[in-house]
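J.: Data: data_16.cif, mmCIF, C-alpha atoms.
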```cif
data_coords
loop_
_atom_site.label_atom_id
_atom_site.label_comp_id
_atom_site.auth_asym_id
_atom_site.auth_seq_id
_atom_site.Cartn_x
_atom_site.Cartn_y
_atom_site.Cartn_z
CA MET A 1 -3.20 4.48 -15.97
CA ALA A 2 -2.96 7.72 -14.00
CA SER A 3 -5.80 9.53 -15.80
CA THR A 4 -8.39 6.83 -14.98
CA TYR A 5 -6.85 4.98 -12.02
CA GLY A 6 -8.79 6.76 -9.28
CA ARG A 7 -12.20 6.26 -10.90
CA VAL A 8 -11.60 2.67 -11.99
CA ASN A 9 -10.15 1.76 -8.61
CA LEU A 10 -13.12 3.13 -6.68
CA LEU A 11 -15.89 1.96 -9.02
CA SER A 12 -14.54 -1.50 -9.80
CA SER A 13 -13.95 -2.31 -6.13
CA PHE A 14 -17.41 -1.00 -5.08
CA GLY A 15 -15.61 1.19 -2.56
CA PHE A 16 -13.76 -1.70 -0.92
CA THR A 17 -10.30 -0.31 -1.72
CA ALA A 18 -11.13 2.90 0.17
CA ARG A 19 -12.48 0.82 3.06
CA TRP A 20 -9.37 -1.39 3.15
CA ARG A 21 -7.09 1.64 3.11
CA HIS A 22 -8.96 3.05 6.07
CA GLN A 23 -8.82 -0.26 7.93
CA ALA A 24 -5.08 -0.49 7.29
CA VAL A 25 -4.53 2.90 8.90
CA LEU A 26 -7.03 2.37 11.73
CA GLY A 27 -5.32 1.81 15.06
CA LEU A 28 -1.97 3.32 14.10
CA PRO A 29 -0.73 5.94 16.62
CA LEU A 30 -1.10 8.79 14.13
CA ALA A 31 -1.83 11.46 16.72
CA MET A 32 1.72 10.99 18.04
CA ALA A 33 3.38 10.78 14.61
CA GLY A 34 5.71 13.49 13.41
CA SER A 35 6.69 11.78 10.16
CA VAL A 36 4.91 9.27 7.92
CA VAL A 37 6.28 7.56 4.82
CA ASP A 38 3.81 6.20 2.24
CA LEU A 39 5.55 3.69 -0.03
CA MET A 40 4.21 3.20 -3.57
CA SER A 41 1.98 6.15 -2.74
CA GLY A 42 0.23 6.43 -6.12
CA MET A 43 -1.89 9.58 -6.10
CA GLY A 44 -1.94 9.78 -2.31
CA GLU A 45 -5.16 7.79 -1.98
CA LEU A 46 -4.15 6.67 1.50
CA TRP A 47 -3.72 10.25 2.71
CA ARG A 48 -7.46 10.80 3.17
CA SER A 49 -7.42 8.09 5.84
CA LEU A 50 -4.20 9.45 7.34
CA ALA A 51 -5.76 12.91 7.57
CA ARG A 52 -8.32 11.63 10.09
CA GLY A 53 -5.62 11.12 12.70
CA LEU A 54 -2.51 13.13 11.86
CA PRO A 55 -1.76 16.42 13.64
CA ALA A 56 -0.95 19.60 11.73
CA SER A 57 2.68 19.26 12.78
CA ALA A 58 3.09 15.96 10.90
CA ARG A 59 4.93 15.51 7.60
CA VAL A 60 3.96 12.89 5.01
CA LEU A 61 6.43 11.72 2.38
CA GLY A 62 5.14 9.72 -0.57
CA VAL A 63 7.48 7.57 -2.63
CA ASP A 64 6.29 6.44 -6.07
CA LEU A 65 7.82 5.39 -9.38
CA SER A 66 5.32 7.26 -11.59
CA PRO A 67 5.89 10.99 -12.28
CA GLU A 68 2.29 11.33 -13.47
CA MET A 69 0.87 9.72 -10.33
CA ALA A 70 3.06 12.05 -8.26
CA ARG A 71 1.88 15.07 -10.26
CA ARG A 72 -1.75 14.18 -9.60
CA THR A 73 -1.23 13.75 -5.85
CA PRO A 74 -3.19 16.43 -3.92
CA ARG A 75 -0.92 18.60 -1.79
CA GLU A 76 -3.53 20.58 0.14
CA TRP A 77 -3.76 18.91 3.53
CA HIS A 78 -3.50 20.20 7.07
CA PHE A 79 -0.08 18.54 7.31
CA ALA A 80 3.07 19.07 5.23
CA THR A 81 3.56 16.80 2.20
CA GLU A 82 6.27 15.83 -0.24
CA VAL A 83 6.49 13.24 -3.02
CA TYR A 84 9.73 11.59 -4.06
CA VAL A 85 9.60 10.19 -7.60
CA GLY A 86 11.75 7.09 -7.98
CA ASP A 87 12.16 3.38 -7.41
CA VAL A 88 11.42 2.65 -3.76
CA LEU A 89 14.04 -0.11 -3.76
CA ALA A 90 16.73 2.39 -4.78
CA TRP A 91 15.41 5.20 -2.57
CA GLU A 92 17.61 6.14 0.37
CA PRO A 93 15.66 7.93 3.11
CA ALA A 94 17.17 11.08 4.56
CA ALA A 95 15.46 10.66 7.94
CA PHE A 96 13.70 8.10 10.11
CA ALA A 97 9.90 7.78 10.22
CA ASP A 98 7.39 7.20 12.99
CA VAL A 99 4.99 5.39 10.65
CA VAL A 100 5.39 3.54 7.33
CA VAL A 101 2.29 2.70 5.30
CA SER A 102 1.53 1.35 1.85
CA SER A 103 -1.58 0.37 -0.11
CA PHE A 104 -1.86 -1.77 -3.22
CA GLY A 105 1.69 -1.55 -4.53
CA LEU A 106 3.16 -4.65 -2.95
CA LYS A 107 1.79 -7.14 -5.51
CA THR A 108 4.18 -5.86 -8.19
CA PHE A 109 7.21 -7.10 -6.20
CA ASP A 110 8.65 -10.59 -6.52
CA ARG A 111 9.71 -12.49 -3.40
CA GLU A 112 13.29 -11.21 -3.39
CA GLN A 113 12.14 -7.63 -3.93
CA GLN A 114 9.73 -8.05 -1.01
CA ARG A 115 12.68 -9.07 1.16
CA HIS A 116 14.61 -5.99 0.03
CA LEU A 117 11.61 -3.79 0.75
CA ALA A 118 11.12 -5.31 4.20
CA ASN A 119 14.74 -4.55 5.07
CA LYS A 120 14.21 -0.97 3.94
CA VAL A 121 11.13 -0.65 6.16
CA GLY A 122 13.21 -1.92 9.07
CA ARG A 123 15.87 0.72 8.38
CA VAL A 124 13.56 3.70 7.88
CA LEU A 125 11.41 3.12 10.97
CA LYS A 126 12.38 4.63 14.30
CA PRO A 127 12.52 2.20 17.25
CA GLY A 128 8.94 1.98 18.44
CA GLY A 129 7.67 3.04 15.00
CA THR A 130 4.69 1.29 13.42
CA PHE A 131 3.86 0.09 9.93
CA SER A 132 0.90 -1.20 7.93
CA PHE A 133 0.65 -2.61 4.41
CA VAL A 134 -2.48 -3.73 2.54
CA GLU A 135 -2.71 -5.52 -0.79
CA VAL A 136 -5.31 -7.20 -3.01
CA SER A 137 -4.91 -10.96 -2.57
CA VAL A 138 -6.15 -14.39 -3.66
CA PRO A 139 -8.93 -15.56 -1.29
CA PRO A 140 -8.42 -19.05 0.22
CA PHE A 141 -12.11 -20.10 -0.14
CA LEU A 142 -12.37 -21.76 -3.57
CA PRO A 143 -15.79 -20.46 -4.78
CA LEU A 144 -14.90 -16.91 -3.76
CA ARG A 145 -11.43 -17.28 -5.27
CA VAL A 146 -12.79 -18.37 -8.66
CA ALA A 147 -15.33 -15.55 -8.83
CA TYR A 148 -12.92 -12.91 -7.51
CA MET A 149 -10.07 -13.80 -9.84
CA PHE A 150 -12.43 -13.91 -12.83
CA TYR A 151 -13.57 -10.42 -11.90
CA LEU A 152 -10.01 -9.12 -11.56
CA ARG A 153 -8.82 -10.72 -14.80
CA TRP A 154 -11.75 -10.03 -17.12
CA ILE A 155 -14.29 -7.55 -15.75
CA ILE A 156 -11.97 -4.82 -14.44
CA PRO A 157 -10.19 -4.44 -17.84
CA ILE A 158 -13.64 -3.89 -19.40
CA ILE A 159 -14.42 -1.22 -16.81
CA GLY A 160 -11.06 0.35 -17.56
CA ARG A 161 -11.87 0.43 -21.28
CA LEU A 162 -15.31 1.96 -20.68
CA LEU A 163 -13.69 4.75 -18.65
CA LEU A 164 -11.19 5.40 -21.48
CA GLY A 165 -8.30 3.62 -19.80
CA ASP A 166 -5.89 1.08 -21.26
CA PRO A 167 -7.42 -2.40 -20.70
CA ASP A 168 -4.00 -4.04 -21.06
CA CYS A 169 -2.74 -2.13 -18.02
CA TYR A 170 -5.77 -3.09 -15.95
CA ARG A 171 -5.48 -6.69 -17.09
CA MET A 172 -2.17 -6.86 -15.24
CA LEU A 173 -4.06 -6.51 -11.94
CA GLY A 174 -5.18 -10.15 -12.16
CA VAL A 175 -1.73 -11.30 -13.29
CA TYR A 176 0.04 -9.54 -10.43
CA THR A 177 -2.52 -10.65 -7.84
CA GLN A 178 -2.31 -14.30 -8.90
CA ALA A 179 1.48 -14.24 -8.66
CA PHE A 180 1.43 -12.38 -5.33
CA GLY A 181 -1.02 -14.68 -3.55
CA ASN A 182 -1.17 -12.93 -0.18
CA SER A 183 0.95 -10.94 2.27
CA LYS A 184 2.29 -13.87 4.29
CA HIS A 185 5.68 -13.98 2.57
CA PHE A 186 6.15 -10.24 3.03
CA ALA A 187 5.15 -10.57 6.68
CA SER A 188 7.85 -13.21 7.17
CA CYS A 189 10.38 -10.91 5.48
CA LEU A 190 9.46 -8.12 7.88
CA GLN A 191 9.90 -10.50 10.79
CA GLN A 192 13.34 -11.49 9.51
CA ALA A 193 14.16 -7.78 9.31
CA GLY A 194 13.67 -7.60 13.08
CA LEU A 195 10.12 -6.25 13.21
CA ASP A 196 7.19 -7.50 15.28
CA VAL A 197 4.54 -8.28 12.67
CA ARG A 198 1.16 -9.91 12.24
CA HIS A 199 -0.61 -10.97 9.07
CA VAL A 200 -4.03 -9.37 8.54
CA SER A 201 -6.94 -10.54 6.36
CA TYR A 202 -9.70 -8.30 4.99
CA PHE A 203 -13.06 -9.51 3.64
CA PHE A 204 -12.35 -13.24 3.61
CA GLY A 205 -8.87 -12.79 2.16
CA CYS A 206 -9.76 -10.61 -0.84
CA ALA A 207 -7.13 -8.31 0.62
CA THR A 208 -4.41 -9.06 3.13
CA GLY A 209 -1.81 -7.05 4.93
CA ALA A 210 1.07 -6.92 7.36
CA ARG A 211 1.22 -4.55 10.30
CA GLY A 212 3.29 -4.19 13.44
CA VAL A 213 6.02 -2.31 15.21
CA LYS A 214 9.79 -1.97 15.30
CA PRO A 215 10.96 -3.06 18.76
CA LEU A 216 12.54 -0.41 20.94
CA LEU A 217 15.61 -2.63 21.35
CA GLY A 218 15.73 -3.96 17.80
CA PRO A 219 18.76 -5.00 15.71
#
```
Reformat the file's structure so that it appears as structure tokens.

T.:
Amino acid sequence: MASTYGRVNLLSSFGFTARWRHQAVLGLPLAMAGSVVDLMSGMGELWRSLARGLPASARVLGVDLSPEMARRTPREWHFATEVYVGDVLAWEPAAFADVVVSSFGLKTFDREQQRHLANKVGRVLKPGGTFSFVEVSVPPFLPLRVAYMFYLRWIIPIIGRLLLGDPDCYRMLGVYTQAFGNSKHFASCLQQAGLDVRHVSYFFGCATGARGVKPLLGP
């Protein structure tokens, strides 16, 4: 998917994915951050939003399973960058982070993997550190849900084919989203990991997220 992902993602979402990424980052204390970890970082799509607030002294580490996505990640930013290629669930961080972020990778995790990931977020964050996740979700309002899921399952694969992508890969977007539902389970896993968390909804539940902070006197 790497060769067409950026174009399909932006065009098929009518720019909403870029907007949701920005909203997920908005309000995080980036100006004070020395280190940021982007989980399931893809091609660094979230870094454009991070760049609006991060100082030149900051360092951003992306973690992604795909070598091709990592290769296509832009490295020319005013802050230092690095991409670790590997399974985020097996990744062992070498240092703590001030901020942990992630966009549109959470839906590929089952409920137990989400629990594992939440525990990892709790370990990698410094006390007082903040986090924000955003993911495409199933809207609760029935008419919107029917139309939205039809679009994800059938129209986006066609767009992917027209842009010379693999429609079977893009068809999985609807499958993963339906199974994922929303971010509430992941939010509860983060809470069980000792983090202060709140569930966030974007555009009537078409995307949801979890954001919060690691308490200064956490477990």

J.: Go through A:Gly44, A:Pro67, A:Gly160, A:Gly212 one by one, measure the shortest atom-to-atom distance of each to Thr81 in chain A using all atoms listed in the file, and give the residue with the smallest value.

T.: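 Looking at the shortest contact to Thr81 in chain A, the residue is A:Gly44.
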
J.: Residues picked by the PyMOL selection byres ((chain A and resi 195) around 9) here, as a short mmCIF file (atom, residue, chain, number, x, y, z; two decimals) with C-alpha atoms, keeping the file's coordinate frame?

T.:
```
data_model
loop_
_atom_site.label_atom_id
_atom_site.label_comp_id
_atom_site.auth_asym_id
_atom_site.auth_seq_id
_atom_site.Cartn_x
_atom_site.Cartn_y
_atom_site.Cartn_z
CA GLY A 122 13.21 -1.92 9.07
CA LEU A 190 9.46 -8.12 7.88
CA GLN A 191 9.90 -10.50 10.79
CA GLN A 192 13.34 -11.49 9.51
CA ALA A 193 14.16 -7.78 9.31
CA GLY A 194 13.67 -7.60 13.08
CA ASP A 196 7.19 -7.50 15.28
CA VAL A 197 4.54 -8.28 12.67
CA GLY A 212 3.29 -4.19 13.44
CA VAL A 213 6.02 -2.31 15.21
CA LYS A 214 9.79 -1.97 15.30
CA PRO A 215 10.96 -3.06 18.76
CA GLY A 218 15.73 -3.96 17.80
#
```

J.: Take CA of Arg111 in chain A and CA of His185 in chain A and report the distance between them in Å, one decimal.

T.: 7.4 Å

J.: For the structure provided, state which residues fall under the PyMOL selection byres ((chain A and resi 85) around 10), and present them as a PDB file with C-alpha atoms, keeping the file's coordinate frame.

T.:
```pdb
ATOM      1  CA  MET A  40       4.210   3.200  -3.570  1.00  0.00           C
ATOM      2  CA  SER A  41       1.980   6.150  -2.740  1.00  0.00           C
ATOM      3  CA  GLY A  62       5.140   9.720  -0.570  1.00  0.00           C
ATOM      4  CA  VAL A  63       7.480   7.570  -2.630  1.00  0.00           C
ATOM      5  CA  ASP A  64       6.290   6.440  -6.070  1.00  0.00           C
ATOM      6  CA  LEU A  65       7.820   5.390  -9.380  1.00  0.00           C
ATOM      7  CA  SER A  66       5.320   7.260 -11.590  1.00  0.00           C
ATOM      8  CA  PRO A  67       5.890  10.990 -12.280  1.00  0.00           C
ATOM      9  CA  GLU A  68       2.290  11.330 -13.470  1.00  0.00           C
ATOM     10  CA  MET A  69       0.870   9.720 -10.330  1.00  0.00           C
ATOM     11  CA  ALA A  70       3.060  12.050  -8.260  1.00  0.00           C
ATOM     12  CA  ARG A  71       1.880  15.070 -10.260  1.00  0.00           C
ATOM     13  CA  GLU A  82       6.270  15.830  -0.240  1.00  0.00           C
ATOM     14  CA  VAL A  83       6.490  13.240  -3.020  1.00  0.00           C
ATOM     15  CA  TYR A  84       9.730  11.590  -4.060  1.00  0.00           C
ATOM     16  CA  GLY A  86      11.750   7.090  -7.980  1.00  0.00           C
ATOM     17  CA  ASP A  87      12.160   3.380  -7.410  1.00  0.00           C
ATOM     18  CA  VAL A  88      11.420   2.650  -3.760  1.00  0.00           C
ATOM     19  CA  TRP A  91      15.410   5.200  -2.570  1.00  0.00           C
TER      20      TRP A  91
END
```

J.: So that I can check the surroundings of Gly53 in chain A, please list as a list in words every protein, DNA and RNA residue that reaches within 9 Å of it, counting only C-alpha atoms and ignoring chain neighbours fewer than 6 positions away.

T.: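 Listing them by chain and then by number gives Leu26, Leu28, Pro29, Leu30 and Ala31 of chain A.
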
J.: List the neighbours of Arg171 in chain A out to 8 Å using all atoms listed in the file; skip same-chain residues closer than 4 positions along the sequence, and give me the result as a list in words.

T.: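 Returned residues: Leu152, Arg153, Trp154, Ile156, Pro157, Pro167 and Val175 of chain A.
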
J.: Can you tell me how far CA of Arg115 in chain A sits from CA of Asp98 in chain A, in Å to one decimal?

T.: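 Spanning CA of Arg115 in chain A to CA of Asp98 in chain A is a straight-line distance of 20.8 Å.
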
J.: How many Å lie between CA of Asp168 in chain A and CA of Ile155 in chain A, rounded to one decimal?

T.: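 For CA of Asp168 in chain A relative to CA of Ile155 in chain A, the distance reads 12.1 Å.
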
J.: Is there a way to get, as a list of chain:residue names, all residues within 7 Å of the point (-4.1, -9.5, -8.8) in file coordinates, counting all atoms listed in the file?

T.: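 Protein, DNA and RNA residues close to (-4.1, -9.5, -8.8): A:Val136, A:Ser137, A:Leu152, A:Leu173, A:Gly174, A:Val175, A:Tyr176, A:Thr177, A:Gln178.
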
J.: So which residues get picked by the PyMOL selection byres ((chain A and resi 56) around 10) here, written as a list in words?

T.: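 Those residues are Ala31, Gly34, Ala51, Gly53, Leu54, Pro55, Ser57, Ala58, Arg59, Trp77, His78, Phe79 and Ala80 of chain A.
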
J.: Ranking A:Phe133, A:Lys126, A:Leu162, A:Leu142 by minimum distance to Arg21 in chain A and counting all atoms listed in the file, which one comes first?

T.: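 Among A:Phe133, A:Lys126, A:Leu162, A:Leu142, it is A:Phe133 that comes nearest to Arg21 in chain A.
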
J.: At the level of N, CA and C atoms, write range 64-76 of chain A to a file as a compact mmCIF listing (two decimals), in the first residue's frame, please.

T.:
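Result went into selection-v9.txt, see below:
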```txt
# COMPACT_ATOMS: atom_id res chain seq x y z
N ASP A 64 7.29 1.61 13.23
CA ASP A 64 6.34 1.05 12.26
C ASP A 64 6.84 -0.30 11.76
N LEU A 65 5.89 -1.15 11.44
CA LEU A 65 6.19 -2.52 11.00
C LEU A 65 6.70 -2.57 9.56
N SER A 66 6.33 -1.59 8.73
CA SER A 66 6.59 -1.66 7.30
C SER A 66 7.91 -0.98 6.92
N PRO A 67 8.87 -1.72 6.37
CA PRO A 67 10.12 -1.10 5.91
C PRO A 67 9.89 -0.07 4.80
N GLU A 68 8.90 -0.34 3.93
CA GLU A 68 8.66 0.60 2.82
C GLU A 68 8.04 1.90 3.33
N MET A 69 7.11 1.80 4.28
CA MET A 69 6.55 3.01 4.89
C MET A 69 7.67 3.81 5.57
N ALA A 70 8.54 3.12 6.28
CA ALA A 70 9.65 3.79 6.96
C ALA A 70 10.57 4.47 5.94
N ARG A 71 10.82 3.80 4.82
CA ARG A 71 11.71 4.37 3.81
C ARG A 71 11.13 5.64 3.21
N ARG A 72 9.83 5.70 3.09
CA ARG A 72 9.15 6.85 2.49
C ARG A 72 8.88 7.97 3.49
N THR A 73 9.26 7.78 4.74
CA THR A 73 9.03 8.82 5.75
C THR A 73 10.00 9.98 5.55
N PRO A 74 9.49 11.21 5.36
CA PRO A 74 10.39 12.36 5.21
C PRO A 74 11.23 12.56 6.47
N ARG A 75 12.49 12.89 6.28
CA ARG A 75 13.39 13.09 7.42
C ARG A 75 13.77 14.55 7.61
N GLU A 76 13.39 15.42 6.68
CA GLU A 76 13.84 16.80 6.72
C GLU A 76 12.84 17.67 7.50
```
